[in-house]
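File shown: data14.csv (CSV, C-alpha atoms).
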```csv
chain,number,residue,atom,x,y,z
G,1,MET,CA,-41.7,-15.2,13.4
G,2,ASP,CA,-38.0,-15.6,12.6
G,3,LYS,CA,-36.9,-14.9,9.1
G,4,SER,CA,-35.3,-17.7,7.0
G,5,PHE,CA,-31.7,-17.5,5.9
G,6,THR,CA,-32.7,-16.5,2.4
G,7,GLU,CA,-35.0,-13.7,3.7
G,8,THR,CA,-32.2,-12.4,6.0
G,9,TYR,CA,-29.2,-12.5,3.8
G,10,LEU,CA,-30.4,-13.0,0.2
G,11,ASN,CA,-33.2,-10.5,-0.1
G,12,PHE,CA,-31.6,-8.4,-2.8
G,13,GLN,CA,-34.6,-6.2,-3.2
G,14,GLN,CA,-33.4,-4.4,-0.1
G,15,VAL,CA,-30.2,-3.4,-1.9
G,16,SER,CA,-30.0,0.1,-3.5
G,17,TRP,CA,-27.7,-0.5,-6.4
G,18,ASP,CA,-27.0,3.1,-7.0
G,19,THR,CA,-26.0,3.6,-3.4
G,20,LEU,CA,-23.9,0.5,-3.6
G,21,LYS,CA,-22.1,1.8,-6.8
G,22,GLU,CA,-21.4,5.1,-5.0
G,23,ALA,CA,-20.0,3.2,-2.0
G,24,ILE,CA,-17.7,1.2,-4.3
G,25,ASN,CA,-16.4,4.3,-5.9
G,26,ASP,CA,-15.7,5.9,-2.5
G,27,THR,CA,-13.8,2.9,-1.4
G,28,LEU,CA,-11.7,2.7,-4.6
G,29,PHE,CA,-11.1,6.5,-4.4
G,30,MET,CA,-9.8,6.2,-0.8
G,31,THR,CA,-7.7,3.2,-1.5
G,32,ILE,CA,-6.1,4.4,-4.8
G,33,ILE,CA,-5.3,8.0,-3.8
G,34,SER,CA,-4.0,6.9,-0.4
G,35,MET,CA,-1.9,4.1,-1.9
G,36,VAL,CA,-0.2,6.5,-4.4
G,37,ILE,CA,0.7,8.8,-1.5
G,38,VAL,CA,1.7,5.9,0.7
G,39,PHE,CA,4.0,4.5,-2.0
G,40,ILE,CA,5.8,7.8,-2.4
G,41,LEU,CA,6.2,8.7,1.3
G,42,GLY,CA,6.8,5.1,2.3
G,43,LEU,CA,9.6,4.7,-0.3
G,44,LEU,CA,11.3,7.9,0.8
G,45,LEU,CA,10.9,7.2,4.5
G,46,GLY,CA,12.2,3.6,4.0
G,47,LEU,CA,15.1,4.9,2.0
G,48,LEU,CA,15.9,7.3,4.8
G,49,LEU,CA,15.8,4.6,7.4
G,50,TYR,CA,18.0,2.3,5.3
G,51,SER,CA,20.5,5.1,4.6
G,52,LEU,CA,20.7,6.2,8.3
G,53,GLY,CA,21.1,2.6,9.5
G,54,ARG,CA,23.6,1.5,6.9
G,55,LYS,CA,26.6,3.5,8.1
G,56,HIS,CA,27.1,3.6,11.9
G,57,SER,CA,27.9,6.9,13.5
G,58,SER,CA,26.6,8.7,16.6
G,59,THR,CA,24.8,11.3,14.6
G,60,ARG,CA,23.2,8.8,12.2
G,61,SER,CA,22.2,6.6,15.1
G,62,VAL,CA,20.4,9.4,16.8
G,63,LEU,CA,18.7,10.4,13.6
G,64,TYR,CA,17.7,6.8,12.9
G,65,GLY,CA,16.3,6.5,16.4
G,66,LEU,CA,14.2,9.7,15.9
G,67,VAL,CA,12.8,8.6,12.6
G,68,SER,CA,12.1,5.1,14.0
G,69,ILE,CA,10.2,6.5,16.9
G,70,PHE,CA,8.2,8.7,14.5
G,71,SER,CA,7.4,5.7,12.3
G,72,ASN,CA,6.5,3.4,15.2
G,73,ILE,CA,4.1,5.9,16.8
G,74,PHE,CA,1.9,6.2,13.7
G,75,ARG,CA,2.1,2.6,12.6
G,76,SER,CA,1.3,1.3,16.1
G,77,THR,CA,-1.6,3.6,16.9
G,78,PRO,CA,-4.9,1.9,16.2
G,79,PHE,CA,-6.5,3.3,13.1
G,80,MET,CA,-9.8,4.3,14.6
G,81,ILE,CA,-8.0,6.2,17.4
G,82,LEU,CA,-5.6,7.9,14.9
G,83,MET,CA,-8.5,9.0,12.7
G,84,VAL,CA,-10.3,10.6,15.6
G,85,LEU,CA,-7.1,12.1,17.0
G,86,ILE,CA,-6.2,14.0,13.8
G,87,ILE,CA,-9.7,15.4,13.1
G,88,PRO,CA,-8.5,19.0,13.6
G,89,PHE,CA,-5.6,18.4,11.2
G,90,THR,CA,-7.9,16.7,8.7
G,91,LYS,CA,-10.4,19.6,8.8
G,92,THR,CA,-7.6,22.1,8.2
G,93,LEU,CA,-6.1,20.0,5.3
G,94,VAL,CA,-9.2,18.9,3.4
G,95,GLY,CA,-11.9,21.2,4.8
G,96,THR,CA,-14.1,18.6,6.3
G,97,MET,CA,-14.2,15.6,8.6
G,98,LEU,CA,-16.8,13.7,6.6
G,99,GLY,CA,-16.6,11.8,3.3
G,100,ALA,CA,-14.0,9.9,1.4
G,101,LYS,CA,-11.5,12.8,1.3
G,102,ALA,CA,-11.5,13.1,5.1
G,103,ALA,CA,-10.2,9.5,5.5
G,104,ILE,CA,-7.1,10.0,3.4
G,105,PRO,CA,-4.9,11.8,5.9
G,106,ALA,CA,-5.4,9.1,8.5
G,107,LEU,CA,-5.0,6.3,6.0
G,108,VAL,CA,-1.7,7.8,4.8
G,109,LEU,CA,-0.4,8.4,8.3
G,110,SER,CA,-1.3,4.9,9.4
G,111,ALA,CA,0.0,3.0,6.3
G,112,ALA,CA,3.1,5.0,5.1
G,113,PRO,CA,5.2,4.2,8.2
G,114,PHE,CA,4.2,0.5,7.9
G,115,TYR,CA,5.2,0.4,4.3
G,116,ALA,CA,8.4,2.3,5.1
G,117,ARG,CA,9.5,-0.5,7.4
G,118,LEU,CA,8.8,-3.0,4.6
G,119,VAL,CA,10.9,-0.9,2.2
G,120,GLU,CA,13.7,-0.7,4.7
G,121,ILE,CA,13.7,-4.5,5.1
G,122,ALA,CA,13.6,-5.0,1.3
G,123,PHE,CA,16.6,-2.7,0.8
G,124,ARG,CA,18.6,-4.5,3.6
G,125,GLU,CA,18.0,-7.8,1.9
G,126,VAL,CA,19.8,-6.7,-1.3
G,127,ASP,CA,23.1,-8.5,-1.7
G,128,SER,CA,25.9,-6.3,-0.3
G,129,GLY,CA,28.2,-7.6,-3.0
G,130,VAL,CA,26.1,-6.0,-5.7
G,131,LEU,CA,26.2,-2.7,-3.9
G,132,GLU,CA,29.9,-2.9,-3.4
G,133,ALA,CA,30.4,-3.7,-7.1
G,134,ALA,CA,28.4,-0.5,-7.9
G,135,ASP,CA,30.5,1.5,-5.6
G,136,SER,CA,33.7,0.2,-7.1
G,137,MET,CA,32.5,1.1,-10.6
G,138,GLY,CA,32.2,4.7,-9.4
G,139,ALA,CA,28.4,4.9,-9.2
G,140,SER,CA,27.1,7.9,-7.2
G,141,TYR,CA,24.7,7.5,-4.3
G,142,PHE,CA,21.6,8.2,-6.4
G,143,GLN,CA,22.8,6.0,-9.2
G,144,THR,CA,23.2,3.1,-6.8
G,145,ILE,CA,19.7,3.7,-5.5
G,146,TYR,CA,18.1,4.1,-8.9
G,147,LYS,CA,20.0,1.5,-10.9
G,148,VAL,CA,20.8,-1.1,-8.3
G,149,LEU,CA,19.0,-0.9,-5.0
G,150,ILE,CA,15.4,-0.4,-6.3
G,151,PRO,CA,15.7,-2.9,-9.2
G,152,GLU,CA,17.2,-5.6,-7.0
G,153,SER,CA,14.5,-5.1,-4.3
G,154,LEU,CA,11.6,-4.6,-6.7
G,155,PRO,CA,9.8,-7.9,-6.0
G,156,ALA,CA,9.9,-7.3,-2.2
G,157,LEU,CA,8.8,-3.7,-2.7
G,158,ILE,CA,5.8,-4.8,-4.8
G,159,SER,CA,4.9,-7.6,-2.3
G,160,GLY,CA,5.1,-5.1,0.6
G,161,LEU,CA,2.9,-2.6,-1.3
G,162,THR,CA,0.4,-5.4,-1.9
G,163,VAL,CA,0.3,-6.2,1.8
G,164,THR,CA,-0.1,-2.5,2.6
G,165,ALA,CA,-2.9,-2.1,0.1
G,166,VAL,CA,-4.9,-5.1,1.5
G,167,SER,CA,-4.6,-3.6,5.0
G,168,MET,CA,-5.6,-0.2,3.5
G,169,ILE,CA,-8.8,-1.7,2.2
G,170,GLY,CA,-9.6,-2.9,5.7
G,171,PHE,CA,-8.9,0.5,7.1
G,172,THR,CA,-11.3,2.1,4.6
G,173,ALA,CA,-14.0,-0.1,5.9
G,174,MET,CA,-13.3,1.0,9.5
G,175,ALA,CA,-13.2,4.6,8.4
G,176,GLY,CA,-16.7,4.2,6.9
G,177,ALA,CA,-18.1,3.5,10.4
G,178,ILE,CA,-17.2,7.1,11.5
G,179,GLY,CA,-18.4,9.0,8.5
G,180,ALA,CA,-15.9,8.4,5.7
G,181,GLY,CA,-18.3,6.7,3.3
G,182,GLY,CA,-17.5,3.7,1.2
G,183,LEU,CA,-18.5,0.1,1.6
G,184,GLY,CA,-17.7,0.1,5.3
G,185,ALA,CA,-20.2,2.9,5.9
G,186,LEU,CA,-22.8,1.1,3.8
G,187,ALA,CA,-22.4,-2.1,5.7
G,188,TRP,CA,-22.6,-0.3,9.0
G,189,GLN,CA,-25.3,2.3,8.4
G,190,GLU,CA,-27.5,0.7,5.8
G,191,GLY,CA,-26.9,-2.8,6.9
G,192,TYR,CA,-26.3,-3.4,10.6
G,193,GLN,CA,-28.0,-0.3,12.0
G,194,ARG,CA,-31.2,-0.9,10.0
G,195,GLY,CA,-31.1,-4.7,10.3
G,196,ASN,CA,-30.5,-5.1,6.5
G,197,TYR,CA,-28.1,-8.0,6.6
G,198,THR,CA,-28.3,-8.5,2.8
G,199,VAL,CA,-26.6,-5.1,2.3
G,200,THR,CA,-24.0,-6.0,4.9
G,201,LEU,CA,-23.3,-9.3,3.1
G,202,VAL,CA,-23.1,-7.7,-0.3
G,203,ALA,CA,-20.7,-5.0,0.9
G,204,THR,CA,-18.5,-7.6,2.6
G,205,VAL,CA,-18.4,-9.8,-0.5
G,206,ILE,CA,-17.4,-6.8,-2.7
G,207,ILE,CA,-14.7,-5.8,-0.2
G,208,LEU,CA,-13.4,-9.4,-0.4
G,209,ILE,CA,-13.4,-9.3,-4.2
G,210,ILE,CA,-11.4,-6.1,-4.2
G,211,VAL,CA,-8.9,-7.7,-1.8
G,212,PHE,CA,-8.6,-10.8,-4.0
G,213,ILE,CA,-8.0,-8.6,-7.2
G,214,VAL,CA,-5.4,-6.5,-5.4
G,215,GLN,CA,-3.7,-9.6,-4.0
G,216,GLY,CA,-3.8,-11.3,-7.4
G,217,ILE,CA,-2.3,-8.3,-9.3
G,218,GLY,CA,0.4,-7.9,-6.6
G,219,ASP,CA,1.4,-11.6,-6.7
G,220,PHE,CA,1.5,-11.5,-10.5
G,221,LEU,CA,3.8,-8.4,-10.6
G,222,THR,CA,6.0,-9.9,-7.9
G,223,LYS,CA,6.6,-13.1,-9.9
G,224,LYS,CA,7.2,-11.1,-13.1
G,225,THR,CA,9.9,-8.9,-11.5
G,226,ASP,CA,11.6,-11.7,-9.6
G,227,LYS,CA,14.8,-12.6,-11.5
G,228,ARG,CA,15.6,-15.6,-9.3
```
Output the file's structure in the form of structure tokens.
Amino acid sequence: MDKSFTETYLNFQQVSWDTLKEAINDTLFMTIISMVIVFILGLLLGLLLYSLGRKHSSTRSVLYGLVSIFSNIFRSTPFMILMVLIIPFTKTLVGTMLGAKAAIPALVLSAAPFYARLVEIAFREVDSGVLEAADSMGASYFQTIYKVLIPESLPALISGLTVTAVSMIGFTAMAGAIGAGGLGALAWQEGYQRGNYTVTLVATVIILIIVFIVQGIGDFLTKKTDKR
């Protein structure tokens, strides 16, 4: 006899709330730690791309091309394939290929080049007149970056980080399917494989809530920092 919709999707007695809490913690751990690293690496890589592409010379063009190729390889490789591909590197770096920590290298390598491209675009959209004014006032390269380039592009940087974070949450769900833990693992192992669709539904709803919260915070900060 077929189960009703309520019995299939709303049978909350089948949900282990302690396991669910642990899965939420794993997902938040993977997302937060990875995003901190992605922000730092992506900002530096984006700045490098912007700096190499700003002034045209044969040496800078070659270096820009090499950095672009490196960036495109990692951001274009499907996440699941990338995660499997770097298992030996992950085991060397964190000592295991299972658990939330094991997903962080793949998450960072996948998201940092993506965010770097958004950083480069944000920097390129800064009014050249503002940069020229800073140069004419005798500002050094690092002063221009710290006092002009980053403040002027801050809304776009925050918006790009928000987009990256939302994608990262989706990546953590995929990582869970191959042993990283978190809500993705819960939805796959405890939900789908055991026919417990209530668990799958609950895990999906919580992932959506996390995404909405991240998106809301990002939109708020973008509007607060936008001086236009």
Problem set entry | For G:Ile213: contacts at 12 Å, all atoms listed in the file, fewer than 6 positions along chain excluded, given as a VMD selection string | chain G and resid 162 165 to 166 169 206 to 207 219 to 220
Problem set entry | Surrounding residues of stretch 104-117 of chain G excluding itself and chain neighbours under 2 positions, 8 Å, only C-alpha atoms, as a ChimeraX atom specification | /G:30,33-35,37-39,41-47,71-72,74-75,77,79,82-83,86,90,100-102,119-121,160-161,164,168,171-172
Those same residues, written as a PDB file, in the frame of the given file with C-alpha atoms?
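File produced: out-v2.pdb:
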```pdb
ATOM      1  CA  MET G  30      -9.800   6.200  -0.800  1.00  0.00           C
ATOM      2  CA  ILE G  33      -5.300   8.000  -3.800  1.00  0.00           C
ATOM      3  CA  SER G  34      -4.000   6.900  -0.400  1.00  0.00           C
ATOM      4  CA  MET G  35      -1.900   4.100  -1.900  1.00  0.00           C
ATOM      5  CA  ILE G  37       0.700   8.800  -1.500  1.00  0.00           C
ATOM      6  CA  VAL G  38       1.700   5.900   0.700  1.00  0.00           C
ATOM      7  CA  PHE G  39       4.000   4.500  -2.000  1.00  0.00           C
ATOM      8  CA  LEU G  41       6.200   8.700   1.300  1.00  0.00           C
ATOM      9  CA  GLY G  42       6.800   5.100   2.300  1.00  0.00           C
ATOM     10  CA  LEU G  43       9.600   4.700  -0.300  1.00  0.00           C
ATOM     11  CA  LEU G  44      11.300   7.900   0.800  1.00  0.00           C
ATOM     12  CA  LEU G  45      10.900   7.200   4.500  1.00  0.00           C
ATOM     13  CA  GLY G  46      12.200   3.600   4.000  1.00  0.00           C
ATOM     14  CA  LEU G  47      15.100   4.900   2.000  1.00  0.00           C
ATOM     15  CA  SER G  71       7.400   5.700  12.300  1.00  0.00           C
ATOM     16  CA  ASN G  72       6.500   3.400  15.200  1.00  0.00           C
ATOM     17  CA  PHE G  74       1.900   6.200  13.700  1.00  0.00           C
ATOM     18  CA  ARG G  75       2.100   2.600  12.600  1.00  0.00           C
ATOM     19  CA  THR G  77      -1.600   3.600  16.900  1.00  0.00           C
ATOM     20  CA  PHE G  79      -6.500   3.300  13.100  1.00  0.00           C
ATOM     21  CA  LEU G  82      -5.600   7.900  14.900  1.00  0.00           C
ATOM     22  CA  MET G  83      -8.500   9.000  12.700  1.00  0.00           C
ATOM     23  CA  ILE G  86      -6.200  14.000  13.800  1.00  0.00           C
ATOM     24  CA  THR G  90      -7.900  16.700   8.700  1.00  0.00           C
ATOM     25  CA  ALA G 100     -14.000   9.900   1.400  1.00  0.00           C
ATOM     26  CA  LYS G 101     -11.500  12.800   1.300  1.00  0.00           C
ATOM     27  CA  ALA G 102     -11.500  13.100   5.100  1.00  0.00           C
ATOM     28  CA  VAL G 119      10.900  -0.900   2.200  1.00  0.00           C
ATOM     29  CA  GLU G 120      13.700  -0.700   4.700  1.00  0.00           C
ATOM     30  CA  ILE G 121      13.700  -4.500   5.100  1.00  0.00           C
ATOM     31  CA  GLY G 160       5.100  -5.100   0.600  1.00  0.00           C
ATOM     32  CA  LEU G 161       2.900  -2.600  -1.300  1.00  0.00           C
ATOM     33  CA  THR G 164      -0.100  -2.500   2.600  1.00  0.00           C
ATOM     34  CA  MET G 168      -5.600  -0.200   3.500  1.00  0.00           C
ATOM     35  CA  PHE G 171      -8.900   0.500   7.100  1.00  0.00           C
ATOM     36  CA  THR G 172     -11.300   2.100   4.600  1.00  0.00           C
TER      37      THR G 172
END
```
Exercise. To one decimal place, how far is atom CA of G:Met174 from atom CA of G:Phe12 in Å?
Worked result: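 These two atoms are separated by 24.0 Å.
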Problem set entry | Nearest to G:Tyr197 by atom-to-atom distance, counting all atoms listed in the file, from G:Ile40, G:Val15, G:Leu157, G:Leu118 | G:Val15
For this session: Would you work out the distance separating atom CA of G:Asp226 from atom CA of G:Pro151, expressed in Å to one decimal?
Result: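 Computing the Euclidean distance for atom CA of G:Asp226 and atom CA of G:Pro151 yields 9.7 Å.
We find atom CA of G:Pro88 and atom CA of G:Ala103 to be spaced 12.6 Å apart.
The smallest atom-to-atom distance between G:Glu125 and any of G:Gly138, G:Gln215, G:Arg54, G:Arg194, using only C-alpha atoms, is found for G:Arg54.
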Who sits within 12 Å of G:Lys224, only C-alpha atoms, same chain under 4 positions skipped, as an mmCIF file with C-alpha atoms, keeping the file's coordinate frame:
```cif
data_model
loop_
_atom_site.group_PDB
_atom_site.id
_atom_site.type_symbol
_atom_site.label_atom_id
_atom_site.label_comp_id
_atom_site.auth_asym_id
_atom_site.auth_seq_id
_atom_site.Cartn_x
_atom_site.Cartn_y
_atom_site.Cartn_z
ATOM 1 C CA LEU G 154 11.600 -4.600 -6.700
ATOM 2 C CA PRO G 155 9.800 -7.900 -6.000
ATOM 3 C CA ALA G 156 9.900 -7.300 -2.200
ATOM 4 C CA ILE G 158 5.800 -4.800 -4.800
ATOM 5 C CA SER G 159 4.900 -7.600 -2.300
ATOM 6 C CA ILE G 217 -2.300 -8.300 -9.300
ATOM 7 C CA GLY G 218 0.400 -7.900 -6.600
ATOM 8 C CA ASP G 219 1.400 -11.600 -6.700
ATOM 9 C CA PHE G 220 1.500 -11.500 -10.500
ATOM 10 C CA ARG G 228 15.600 -15.600 -9.300
#
```
Close residues, G:Leu208 itself excluded, 12 Å, all atoms listed in the file, min 4 positions apart in chain, as a compact mmCIF listing (two decimals) with C-alpha atoms, keeping the file's coordinate frame:
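Contents of around39.txt, freshly written:
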```txt
# COMPACT_ATOMS: atom_id res chain seq x y z
CA VAL G 166 -4.90 -5.10 1.50
CA SER G 167 -4.60 -3.60 5.00
CA ILE G 169 -8.80 -1.70 2.20
CA GLY G 170 -9.60 -2.90 5.70
CA ALA G 173 -14.00 -0.10 5.90
CA LEU G 183 -18.50 0.10 1.60
CA GLY G 184 -17.70 0.10 5.30
CA LEU G 201 -23.30 -9.30 3.10
CA VAL G 202 -23.10 -7.70 -0.30
CA ALA G 203 -20.70 -5.00 0.90
CA THR G 204 -18.50 -7.60 2.60
CA PHE G 212 -8.60 -10.80 -4.00
CA ILE G 213 -8.00 -8.60 -7.20
CA VAL G 214 -5.40 -6.50 -5.40
CA GLN G 215 -3.70 -9.60 -4.00
```
Exercise. Smallest atom-to-atom distance to G:Val84: which of G:Ile145, G:Leu66, G:Leu98, G:Val205, using all atoms listed in the file?
Worked result: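 When distances to G:Val84 are compared using all atoms listed in the file, the smallest one comes from G:Leu98.
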Exercise. Taking only C-alpha atoms into account, which of G:Phe123, G:Lys227, G:Ile81, G:Gln143 comes nearest G:Ile178?
Worked result: G:Ile81
Taking the partial coordinates given, rebuild stretch 25-37 of chain G to contain N, CA and C atoms; return it as a PDB file, keeping the file's coordinate frame.
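In the end it all went to out.pdb:
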```pdb
ATOM      1  N   ASN G  25     -17.275   3.256  -5.423  1.00  0.00           N
ATOM      2  CA  ASN G  25     -16.400   4.300  -5.900  1.00  0.00           C
ATOM      3  C   ASN G  25     -15.681   5.051  -4.813  1.00  0.00           C
ATOM      4  N   ASP G  26     -16.370   5.269  -3.678  1.00  0.00           N
ATOM      5  CA  ASP G  26     -15.700   5.900  -2.500  1.00  0.00           C
ATOM      6  C   ASP G  26     -14.580   5.064  -1.984  1.00  0.00           C
ATOM      7  N   THR G  27     -14.830   3.761  -1.876  1.00  0.00           N
ATOM      8  CA  THR G  27     -13.800   2.900  -1.400  1.00  0.00           C
ATOM      9  C   THR G  27     -12.588   2.816  -2.309  1.00  0.00           C
ATOM     10  N   LEU G  28     -12.834   2.728  -3.610  1.00  0.00           N
ATOM     11  CA  LEU G  28     -11.700   2.700  -4.600  1.00  0.00           C
ATOM     12  C   LEU G  28     -10.989   4.047  -4.570  1.00  0.00           C
ATOM     13  N   PHE G  29     -11.722   5.156  -4.430  1.00  0.00           N
ATOM     14  CA  PHE G  29     -11.100   6.500  -4.400  1.00  0.00           C
ATOM     15  C   PHE G  29     -10.154   6.564  -3.173  1.00  0.00           C
ATOM     16  N   MET G  30     -10.658   6.189  -1.996  1.00  0.00           N
ATOM     17  CA  MET G  30      -9.800   6.200  -0.800  1.00  0.00           C
ATOM     18  C   MET G  30      -8.600   5.358  -0.912  1.00  0.00           C
ATOM     19  N   THR G  31      -8.798   4.163  -1.447  1.00  0.00           N
ATOM     20  CA  THR G  31      -7.700   3.200  -1.500  1.00  0.00           C
ATOM     21  C   THR G  31      -6.641   3.654  -2.535  1.00  0.00           C
ATOM     22  N   ILE G  32      -7.063   4.042  -3.738  1.00  0.00           N
ATOM     23  CA  ILE G  32      -6.100   4.400  -4.800  1.00  0.00           C
ATOM     24  C   ILE G  32      -5.324   5.640  -4.461  1.00  0.00           C
ATOM     25  N   ILE G  33      -6.036   6.709  -4.068  1.00  0.00           N
ATOM     26  CA  ILE G  33      -5.300   8.000  -3.800  1.00  0.00           C
ATOM     27  C   ILE G  33      -4.402   7.779  -2.581  1.00  0.00           C
ATOM     28  N   SER G  34      -4.867   7.107  -1.546  1.00  0.00           N
ATOM     29  CA  SER G  34      -4.000   6.900  -0.400  1.00  0.00           C
ATOM     30  C   SER G  34      -2.801   6.048  -0.713  1.00  0.00           C
ATOM     31  N   MET G  35      -2.978   5.010  -1.544  1.00  0.00           N
ATOM     32  CA  MET G  35      -1.900   4.100  -1.900  1.00  0.00           C
ATOM     33  C   MET G  35      -0.809   4.833  -2.707  1.00  0.00           C
ATOM     34  N   VAL G  36      -1.215   5.721  -3.575  1.00  0.00           N
ATOM     35  CA  VAL G  36      -0.200   6.500  -4.400  1.00  0.00           C
ATOM     36  C   VAL G  36       0.639   7.322  -3.420  1.00  0.00           C
ATOM     37  N   ILE G  37      -0.014   8.000  -2.475  1.00  0.00           N
ATOM     38  CA  ILE G  37       0.700   8.800  -1.500  1.00  0.00           C
ATOM     39  C   ILE G  37       1.580   7.957  -0.598  1.00  0.00           C
TER      40      ILE G  37
END
```
